[in-house]
Structures are given as structure tokens and as C-alpha cells.
Amino acid sequence: GWEAGENDPRQTISYKNGLKLINNFGITGDQGLQVLDYGAGGNPGPTGLCFEDKGFDLTSYEPYLCDGALQLKHDKYDLIYSIEVFEHVINLTNLSNFMARHLSDRGLMYVQTMIHPHPAGKDILGSWYIAPRNGHFSIFTFPAIFLLFKRVGINVVQTPMGMVGFKNKPLFKNNIFI
């Protein structure tokens, strides 16, 4: 959510990415969806601000950087999104358990993180994406992220809109499950 040179959060790429998510998913604020921004980068961050501006019931959750964004308003969420956060997580078991505990039975989880090729090349540890240079402690192949969430009952699939997870087919109107 931090973008140099932008004083108005509504002008940031992160805010505009929120608009893209809402449009790509085909969801609206009047559906009554409870949305969790995991790794919000603020309370709210710019992406979450977009969801709030569009009338969604948003909870910002920031386990690492932001005081005041650690309280959950709801036990379960219809949409949990996490943008460029999973690679910063050290304890992936805690992460997958958190998502399983808070994703509603008919909800969607959206994950944006770099997916590395499988099998990985011999030079993988030389990648710019891997710590300690940038705080990226966990890297993923698609099979790895699939198995991480499968063990807690979340199915992860790659869609034209990105990587999403779900326990059961969502019942709310969306462009992923038509």
C-alpha cells in the first residue's frame, strides 16, 4: 500500500487495484459481503479504502506493520484478500489455519504472491525475490500453495482473475463461479 509521491490514497496503484478486484470479481457493496484485507498496510490501507468507498463491510488486518488493525469485526468473512503478503510470513501453518478459521464456508480467498516454476531451477536461491534482501521468507510454487491450503480444507485454483481459494462454491454473485 505504500507508494512514494502519492499524498492522496485514492490516487495510488493500490486503490486502483481495489477497483480492479471489485470489478474482476463482479461484486458490489450492496451484497452485504464481509471483507477482510489481510496484510492491509494501514487501517484501512489504500486497497481497503477502495472497498470502503464502494460500500463493503471491510475489516483491515495487519499482523506486522500497523497498530490498530489487529481486531477482527467478524468471525467469518465472505471475501479475504491478501496482496503481496504471504511471502513475508514465516509460520505458514499459522497462516493457513487463520485463513481456514476465518473464511466462511461459501467464501472466497484471493491471494496475490509470486508463484515460482515447479520444479525450481538450480539458481532459485539467487532470485531477487528471496530474503534476506527484501523480507521475503516464504516462496511458493503452485503445488506448494495448493497443498498448504488443501490440508485445512481450502481448495486453491488459478483463474484468469488470479489465484483464489474456497471451501465450497460461493453462493453470492461473482465472476469466478458463474
# chains A, B, ... in the order shown; residues from 1 in each chain; ligands from 1

$ residues_around --residues "segment 79-83 of chain A" --least-positions-apart "4" --cutoff "8 Å" --atoms "only C-alpha atoms" --output "PyMOL selection string"
chain A and resi 33-40+103+107-113

$ residues_around --residues "Gly26 of chain A" --least-positions-apart "2" --cutoff "7 Å" --atoms "only C-alpha atoms" --output "JSON, numbers by chain"
{"A": [22, 23, 24, 28, 174, 175]}

$ write_last_selection --atoms "C-alpha atoms" --output "short mmCIF file (atom, residue, chain, number, x, y, z; two decimals), in the first residue's frame"
data_model
loop_
_atom_site.label_atom_id
_atom_site.label_comp_id
_atom_site.auth_asym_id
_atom_site.auth_seq_id
_atom_site.Cartn_x
_atom_site.Cartn_y
_atom_site.Cartn_z
CA ILE A 22 -14.13 -5.47 -7.25
CA ASN A 23 -14.76 -5.32 -11.00
CA ASN A 24 -12.99 -8.61 -11.79
CA THR A 28 -20.92 -4.90 -5.19
CA ASN A 174 -19.44 -13.27 -8.55
CA ASN A 175 -17.49 -13.70 -11.78
#

$ residues_around --residues "segment 98-102 of chain A" --least-positions-apart "4" --cutoff "10 Å" --atoms "only C-alpha atoms" --output "list in words"
Leu36, Tyr38, Leu72, His74, Asp75, Lys76, Tyr77, Asp78, Leu79, Ile80, Leu92, Thr93, Asn94, Gly107, Met109, Phe149, Lys150, Arg151, Val152, Gly153, Ile154, Gly165, Phe166 and Lys167 of chain A

$ write_last_selection --atoms "C-alpha atoms" --output "PDB file, in the first residue's frame"
ATOM      1  CA  LEU A  36     -11.101  -8.968   5.236  1.00  0.00           C
ATOM      2  CA  TYR A  38      -5.192  -9.481   5.313  1.00  0.00           C
ATOM      3  CA  LEU A  72     -11.439  -8.711  13.640  1.00  0.00           C
ATOM      4  CA  HIS A  74     -16.403 -10.792  12.386  1.00  0.00           C
ATOM      5  CA  ASP A  75     -15.545 -14.422  12.955  1.00  0.00           C
ATOM      6  CA  LYS A  76     -16.076 -15.371   9.284  1.00  0.00           C
ATOM      7  CA  TYR A  77     -15.550 -13.448   6.048  1.00  0.00           C
ATOM      8  CA  ASP A  78     -17.098 -13.830   2.607  1.00  0.00           C
ATOM      9  CA  LEU A  79     -14.009 -12.450   0.884  1.00  0.00           C
ATOM     10  CA  ILE A  80     -10.478 -12.461   2.231  1.00  0.00           C
ATOM     11  CA  LEU A  92       2.781 -20.866   7.154  1.00  0.00           C
ATOM     12  CA  THR A  93       0.876 -23.290   9.379  1.00  0.00           C
ATOM     13  CA  ASN A  94      -0.465 -20.356  11.397  1.00  0.00           C
ATOM     14  CA  GLY A 107     -16.435 -17.514   0.842  1.00  0.00           C
ATOM     15  CA  MET A 109      -9.917 -16.115  -0.643  1.00  0.00           C
ATOM     16  CA  PHE A 149      -4.312 -24.822   1.934  1.00  0.00           C
ATOM     17  CA  LYS A 150      -5.707 -28.216   0.916  1.00  0.00           C
ATOM     18  CA  ARG A 151      -4.721 -29.645   4.301  1.00  0.00           C
ATOM     19  CA  VAL A 152      -7.017 -27.079   6.002  1.00  0.00           C
ATOM     20  CA  GLY A 153      -9.935 -27.629   3.616  1.00  0.00           C
ATOM     21  CA  ILE A 154      -9.373 -24.724   1.217  1.00  0.00           C
ATOM     22  CA  GLY A 165      -9.317 -20.372  -2.650  1.00  0.00           C
ATOM     23  CA  PHE A 166     -12.655 -21.635  -1.388  1.00  0.00           C
ATOM     24  CA  LYS A 167     -14.115 -24.355   0.817  1.00  0.00           C
TER      25      LYS A 167
END

$ residues_around --residues "Phe56 of chain A" --least-positions-apart "2" --cutoff "10 Å" --atoms "only C-alpha atoms" --output "ChimeraX atom specification"
/A:27-35,48-54,58-59

$ write_last_selection --atoms "all heavy atoms" --output "short mmCIF file (atom, residue, chain, number, x, y, z; two decimals), in the first residue's frame"
data_model
loop_
_atom_site.label_atom_id
_atom_site.label_comp_id
_atom_site.auth_asym_id
_atom_site.auth_seq_id
_atom_site.Cartn_x
_atom_site.Cartn_y
_atom_site.Cartn_z
N ILE A 27 -18.45 -8.10 -7.88
CA ILE A 27 -19.17 -7.96 -6.62
C ILE A 27 -19.52 -6.49 -6.38
O ILE A 27 -18.89 -5.60 -6.95
CB ILE A 27 -18.36 -8.53 -5.43
CG1 ILE A 27 -16.97 -7.88 -5.36
CG2 ILE A 27 -18.25 -10.05 -5.57
CD1 ILE A 27 -16.11 -8.34 -4.19
N THR A 28 -20.50 -6.26 -5.51
CA THR A 28 -20.92 -4.90 -5.19
C THR A 28 -21.10 -4.76 -3.68
O THR A 28 -21.34 -5.74 -2.98
CB THR A 28 -22.24 -4.54 -5.89
OG1 THR A 28 -23.26 -5.45 -5.46
CG2 THR A 28 -22.10 -4.60 -7.41
N GLY A 29 -21.01 -3.53 -3.23
CA GLY A 29 -21.15 -3.24 -1.80
C GLY A 29 -22.52 -3.56 -1.25
O GLY A 29 -22.68 -3.78 -0.05
N ASP A 30 -23.54 -3.61 -2.09
CA ASP A 30 -24.90 -3.87 -1.59
C ASP A 30 -25.20 -5.36 -1.42
O ASP A 30 -26.31 -5.72 -1.06
CB ASP A 30 -25.94 -3.20 -2.50
CG ASP A 30 -25.92 -3.71 -3.93
OD1 ASP A 30 -25.12 -4.63 -4.25
OD2 ASP A 30 -26.70 -3.18 -4.75
N GLN A 31 -24.21 -6.22 -1.64
CA GLN A 31 -24.41 -7.66 -1.44
C GLN A 31 -24.29 -8.06 0.03
O GLN A 31 -24.57 -9.20 0.38
CB GLN A 31 -23.40 -8.47 -2.26
CG GLN A 31 -23.66 -8.43 -3.75
CD GLN A 31 -22.58 -9.16 -4.52
OE1 GLN A 31 -21.54 -8.59 -4.84
NE2 GLN A 31 -22.82 -10.43 -4.82
N GLY A 32 -23.84 -7.15 0.87
CA GLY A 32 -23.70 -7.46 2.29
C GLY A 32 -22.51 -8.34 2.62
O GLY A 32 -22.48 -8.99 3.67
N LEU A 33 -21.50 -8.36 1.75
CA LEU A 33 -20.33 -9.21 1.98
C LEU A 33 -19.43 -8.64 3.06
O LEU A 33 -19.20 -7.43 3.12
CB LEU A 33 -19.52 -9.35 0.68
CG LEU A 33 -20.25 -9.90 -0.53
CD1 LEU A 33 -19.34 -9.89 -1.75
CD2 LEU A 33 -20.79 -11.29 -0.26
N GLN A 34 -18.93 -9.51 3.90
CA GLN A 34 -17.95 -9.13 4.90
C GLN A 34 -16.57 -9.42 4.31
O GLN A 34 -16.28 -10.56 3.94
CB GLN A 34 -18.19 -9.89 6.20
CG GLN A 34 -19.52 -9.52 6.81
CD GLN A 34 -19.92 -10.38 7.98
OE1 GLN A 34 -19.45 -11.49 8.15
NE2 GLN A 34 -20.80 -9.85 8.81
N VAL A 35 -15.73 -8.38 4.22
CA VAL A 35 -14.45 -8.46 3.52
C VAL A 35 -13.31 -8.24 4.50
O VAL A 35 -13.35 -7.32 5.32
CB VAL A 35 -14.39 -7.39 2.40
CG1 VAL A 35 -13.05 -7.43 1.69
CG2 VAL A 35 -15.55 -7.58 1.41
N GLY A 48 -8.08 -1.30 0.84
CA GLY A 48 -9.24 -1.38 1.71
C GLY A 48 -10.09 -0.13 1.65
O GLY A 48 -11.33 -0.20 1.72
N LEU A 49 -9.46 1.03 1.51
CA LEU A 49 -10.19 2.29 1.39
C LEU A 49 -11.11 2.23 0.17
O LEU A 49 -12.26 2.69 0.23
CB LEU A 49 -9.23 3.47 1.28
CG LEU A 49 -9.86 4.84 1.16
CD1 LEU A 49 -10.73 5.18 2.36
CD2 LEU A 49 -8.76 5.90 0.97
N CYS A 50 -10.64 1.65 -0.90
CA CYS A 50 -11.46 1.49 -2.10
C CYS A 50 -12.69 0.64 -1.78
O CYS A 50 -13.82 1.00 -2.15
CB CYS A 50 -10.65 0.86 -3.22
SG CYS A 50 -11.63 0.53 -4.70
N PHE A 51 -12.49 -0.47 -1.09
CA PHE A 51 -13.62 -1.33 -0.71
C PHE A 51 -14.61 -0.56 0.18
O PHE A 51 -15.82 -0.66 0.00
CB PHE A 51 -13.14 -2.61 -0.02
CG PHE A 51 -12.77 -3.71 -0.98
CD1 PHE A 51 -11.53 -3.74 -1.59
CD2 PHE A 51 -13.67 -4.72 -1.28
CE1 PHE A 51 -11.19 -4.75 -2.48
CE2 PHE A 51 -13.35 -5.73 -2.17
CZ PHE A 51 -12.10 -5.75 -2.77
N GLU A 52 -14.09 0.20 1.14
CA GLU A 52 -14.97 1.00 1.98
C GLU A 52 -15.74 2.03 1.16
O GLU A 52 -16.95 2.21 1.34
CB GLU A 52 -14.16 1.72 3.08
CG GLU A 52 -13.79 0.83 4.23
CD GLU A 52 -13.15 1.59 5.38
OE1 GLU A 52 -12.77 2.77 5.22
OE2 GLU A 52 -13.02 0.97 6.45
N ASP A 53 -15.04 2.71 0.26
CA ASP A 53 -15.69 3.72 -0.58
C ASP A 53 -16.81 3.11 -1.43
O ASP A 53 -17.78 3.80 -1.75
CB ASP A 53 -14.68 4.40 -1.51
CG ASP A 53 -13.78 5.39 -0.79
OD1 ASP A 53 -14.02 5.70 0.41
OD2 ASP A 53 -12.81 5.86 -1.44
N LYS A 54 -16.68 1.86 -1.78
CA LYS A 54 -17.69 1.17 -2.60
C LYS A 54 -18.76 0.49 -1.76
O LYS A 54 -19.59 -0.25 -2.28
CB LYS A 54 -17.02 0.16 -3.54
CG LYS A 54 -16.08 0.79 -4.53
CD LYS A 54 -16.82 1.74 -5.46
CE LYS A 54 -15.88 2.40 -6.44
NZ LYS A 54 -16.57 3.40 -7.26
N LEU A 58 -15.73 -3.72 5.49
CA LEU A 58 -14.32 -4.06 5.45
C LEU A 58 -13.72 -4.14 6.84
O LEU A 58 -14.00 -3.31 7.70
CB LEU A 58 -13.53 -3.01 4.65
CG LEU A 58 -12.02 -3.26 4.63
CD1 LEU A 58 -11.67 -4.28 3.56
CD2 LEU A 58 -11.26 -1.97 4.43
N THR A 59 -12.87 -5.14 7.04
CA THR A 59 -12.01 -5.22 8.20
C THR A 59 -10.57 -5.22 7.71
O THR A 59 -10.21 -6.00 6.83
CB THR A 59 -12.25 -6.52 9.01
OG1 THR A 59 -13.60 -6.56 9.45
CG2 THR A 59 -11.32 -6.60 10.21
#

$ select_by_dssp --residues "segment 18-150 of chain A" --states "helix (DSSP H, G or I)" --output "number ranges by chain"
A: 18-25, 29-31, 46-53, 86-88, 92-102, 124-126, 142-150

$ select_by_dssp --residues "segment 139-173 of chain A" --states "strand (DSSP E)" --output "list in words"
Phe140, Thr141, Asn155, Val156, Val157, Gln158, Thr159, Gly162, Met163, Val164, Gly165 and Phe166 of chain A

$ residues_around --residues "Gln158 of chain A" --least-positions-apart "3" --cutoff "10 Å" --atoms "only C-alpha atoms" --output "PyMOL selection string"
chain A and resi 111+142+146+161-165

$ write_last_selection --atoms "N, CA and C atoms" --output "PDB file, in the first residue's frame"
ATOM      1  N   VAL A 111      -5.460 -14.511  -3.360  1.00  0.00           N
ATOM      2  CA  VAL A 111      -4.055 -14.423  -2.966  1.00  0.00           C
ATOM      3  C   VAL A 111      -3.241 -13.903  -4.141  1.00  0.00           C
ATOM      4  N   PHE A 142       3.023 -23.323  -7.372  1.00  0.00           N
ATOM      5  CA  PHE A 142       1.589 -23.562  -7.260  1.00  0.00           C
ATOM      6  C   PHE A 142       1.295 -24.839  -6.475  1.00  0.00           C
ATOM      7  N   PHE A 146      -1.047 -24.892  -3.136  1.00  0.00           N
ATOM      8  CA  PHE A 146      -2.217 -25.773  -3.211  1.00  0.00           C
ATOM      9  C   PHE A 146      -2.245 -26.722  -2.022  1.00  0.00           C
ATOM     10  N   MET A 161      -8.561 -14.269 -13.166  1.00  0.00           N
ATOM     11  CA  MET A 161      -8.517 -13.139 -12.246  1.00  0.00           C
ATOM     12  C   MET A 161      -7.408 -13.271 -11.214  1.00  0.00           C
ATOM     13  N   GLY A 162      -6.737 -14.413 -11.184  1.00  0.00           N
ATOM     14  CA  GLY A 162      -5.702 -14.661 -10.201  1.00  0.00           C
ATOM     15  C   GLY A 162      -5.990 -15.918  -9.408  1.00  0.00           C
ATOM     16  N   MET A 163      -5.226 -16.111  -8.342  1.00  0.00           N
ATOM     17  CA  MET A 163      -5.328 -17.307  -7.519  1.00  0.00           C
ATOM     18  C   MET A 163      -6.407 -17.108  -6.452  1.00  0.00           C
ATOM     19  N   VAL A 164      -7.356 -18.031  -6.405  1.00  0.00           N
ATOM     20  CA  VAL A 164      -8.428 -17.955  -5.412  1.00  0.00           C
ATOM     21  C   VAL A 164      -8.544 -19.281  -4.678  1.00  0.00           C
ATOM     22  N   GLY A 165      -9.054 -19.198  -3.454  1.00  0.00           N
ATOM     23  CA  GLY A 165      -9.317 -20.372  -2.650  1.00  0.00           C
ATOM     24  C   GLY A 165     -10.749 -20.343  -2.150  1.00  0.00           C
TER      25      GLY A 165
END

$ closest_residue --among "A:Ile145, A:Leu21, A:Ile13, A:Met114" --to "Ser127 of chain A" --atoms "only C-alpha atoms"
A:Met114

$ residues_around --residues "segment 6-11 of chain A" --least-positions-apart "4" --cutoff "10 Å" --atoms "only C-alpha atoms" --output "PyMOL selection string"
chain A and resi 1-2+15-16+45-47+49-50+53

$ decode --residues "segment 72-88 of chain A" --atoms "N, CA, C and O atoms" --output "PDB file, in the first residue's frame"
ATOM      1  N   LEU A  72     -10.496  -8.225  14.647  1.00  0.00           N
ATOM      2  CA  LEU A  72     -11.439  -8.711  13.640  1.00  0.00           C
ATOM      3  C   LEU A  72     -12.847  -8.322  14.060  1.00  0.00           C
ATOM      4  O   LEU A  72     -13.231  -8.507  15.212  1.00  0.00           O
ATOM      5  N   LYS A  73     -13.626  -7.771  13.138  1.00  0.00           N
ATOM      6  CA  LYS A  73     -15.019  -7.400  13.417  1.00  0.00           C
ATOM      7  C   LYS A  73     -15.943  -8.605  13.368  1.00  0.00           C
ATOM      8  O   LYS A  73     -16.999  -8.605  13.984  1.00  0.00           O
ATOM      9  N   HIS A  74     -15.558  -9.617  12.588  1.00  0.00           N
ATOM     10  CA  HIS A  74     -16.403 -10.792  12.386  1.00  0.00           C
ATOM     11  C   HIS A  74     -15.563 -12.051  12.571  1.00  0.00           C
ATOM     12  O   HIS A  74     -14.350 -12.015  12.442  1.00  0.00           O
ATOM     13  N   ASP A  75     -16.236 -13.140  12.841  1.00  0.00           N
ATOM     14  CA  ASP A  75     -15.545 -14.422  12.955  1.00  0.00           C
ATOM     15  C   ASP A  75     -15.260 -15.011  11.573  1.00  0.00           C
ATOM     16  O   ASP A  75     -14.221 -15.621  11.343  1.00  0.00           O
ATOM     17  N   LYS A  76     -16.189 -14.819  10.636  1.00  0.00           N
ATOM     18  CA  LYS A  76     -16.076 -15.371   9.284  1.00  0.00           C
ATOM     19  C   LYS A  76     -16.213 -14.250   8.261  1.00  0.00           C
ATOM     20  O   LYS A  76     -16.951 -13.293   8.467  1.00  0.00           O
ATOM     21  N   TYR A  77     -15.535 -14.445   7.118  1.00  0.00           N
ATOM     22  CA  TYR A  77     -15.550 -13.448   6.048  1.00  0.00           C
ATOM     23  C   TYR A  77     -15.914 -14.104   4.721  1.00  0.00           C
ATOM     24  O   TYR A  77     -15.490 -15.219   4.435  1.00  0.00           O
ATOM     25  N   ASP A  78     -16.684 -13.359   3.923  1.00  0.00           N
ATOM     26  CA  ASP A  78     -17.098 -13.830   2.607  1.00  0.00           C
ATOM     27  C   ASP A  78     -15.983 -13.677   1.580  1.00  0.00           C
ATOM     28  O   ASP A  78     -15.900 -14.455   0.630  1.00  0.00           O
ATOM     29  N   LEU A  79     -15.154 -12.665   1.761  1.00  0.00           N
ATOM     30  CA  LEU A  79     -14.009 -12.450   0.884  1.00  0.00           C
ATOM     31  C   LEU A  79     -12.824 -12.062   1.743  1.00  0.00           C
ATOM     32  O   LEU A  79     -12.904 -11.116   2.536  1.00  0.00           O
ATOM     33  N   ILE A  80     -11.755 -12.817   1.616  1.00  0.00           N
ATOM     34  CA  ILE A  80     -10.478 -12.461   2.231  1.00  0.00           C
ATOM     35  C   ILE A  80      -9.507 -12.260   1.089  1.00  0.00           C
ATOM     36  O   ILE A  80      -9.361 -13.135   0.239  1.00  0.00           O
ATOM     37  N   TYR A  81      -8.889 -11.085   1.050  1.00  0.00           N
ATOM     38  CA  TYR A  81      -7.856 -10.893   0.043  1.00  0.00           C
ATOM     39  C   TYR A  81      -6.547 -10.532   0.717  1.00  0.00           C
ATOM     40  O   TYR A  81      -6.512  -9.925   1.781  1.00  0.00           O
ATOM     41  N   SER A  82      -5.464 -10.966   0.078  1.00  0.00           N
ATOM     42  CA  SER A  82      -4.125 -10.723   0.587  1.00  0.00           C
ATOM     43  C   SER A  82      -3.221 -10.443  -0.604  1.00  0.00           C
ATOM     44  O   SER A  82      -3.013 -11.316  -1.453  1.00  0.00           O
ATOM     45  N   ILE A  83      -2.705  -9.235  -0.658  1.00  0.00           N
ATOM     46  CA  ILE A  83      -1.921  -8.797  -1.807  1.00  0.00           C
ATOM     47  C   ILE A  83      -0.470  -8.607  -1.391  1.00  0.00           C
ATOM     48  O   ILE A  83      -0.154  -7.737  -0.579  1.00  0.00           O
ATOM     49  N   GLU A  84       0.391  -9.476  -1.943  1.00  0.00           N
ATOM     50  CA  GLU A  84       1.831  -9.412  -1.692  1.00  0.00           C
ATOM     51  C   GLU A  84       2.153  -9.434  -0.189  1.00  0.00           C
ATOM     52  O   GLU A  84       2.904  -8.600   0.309  1.00  0.00           O
ATOM     53  N   VAL A  85       1.577 -10.422   0.502  1.00  0.00           N
ATOM     54  CA  VAL A  85       1.778 -10.578   1.949  1.00  0.00           C
ATOM     55  C   VAL A  85       2.331 -11.952   2.296  1.00  0.00           C
ATOM     56  O   VAL A  85       3.228 -12.068   3.133  1.00  0.00           O
ATOM     57  N   PHE A  86       1.843 -13.008   1.654  1.00  0.00           N
ATOM     58  CA  PHE A  86       2.202 -14.373   2.049  1.00  0.00           C
ATOM     59  C   PHE A  86       3.709 -14.614   2.035  1.00  0.00           C
ATOM     60  O   PHE A  86       4.221 -15.381   2.836  1.00  0.00           O
ATOM     61  N   GLU A  87       4.428 -13.959   1.146  1.00  0.00           N
ATOM     62  CA  GLU A  87       5.874 -14.158   1.058  1.00  0.00           C
ATOM     63  C   GLU A  87       6.616 -13.612   2.279  1.00  0.00           C
ATOM     64  O   GLU A  87       7.757 -13.968   2.527  1.00  0.00           O
ATOM     65  N   HIS A  88       5.950 -12.773   3.075  1.00  0.00           N
ATOM     66  CA  HIS A  88       6.555 -12.209   4.280  1.00  0.00           C
ATOM     67  C   HIS A  88       6.282 -13.061   5.523  1.00  0.00           C
ATOM     68  O   HIS A  88       6.790 -12.763   6.595  1.00  0.00           O
TER      69      HIS A  88
END
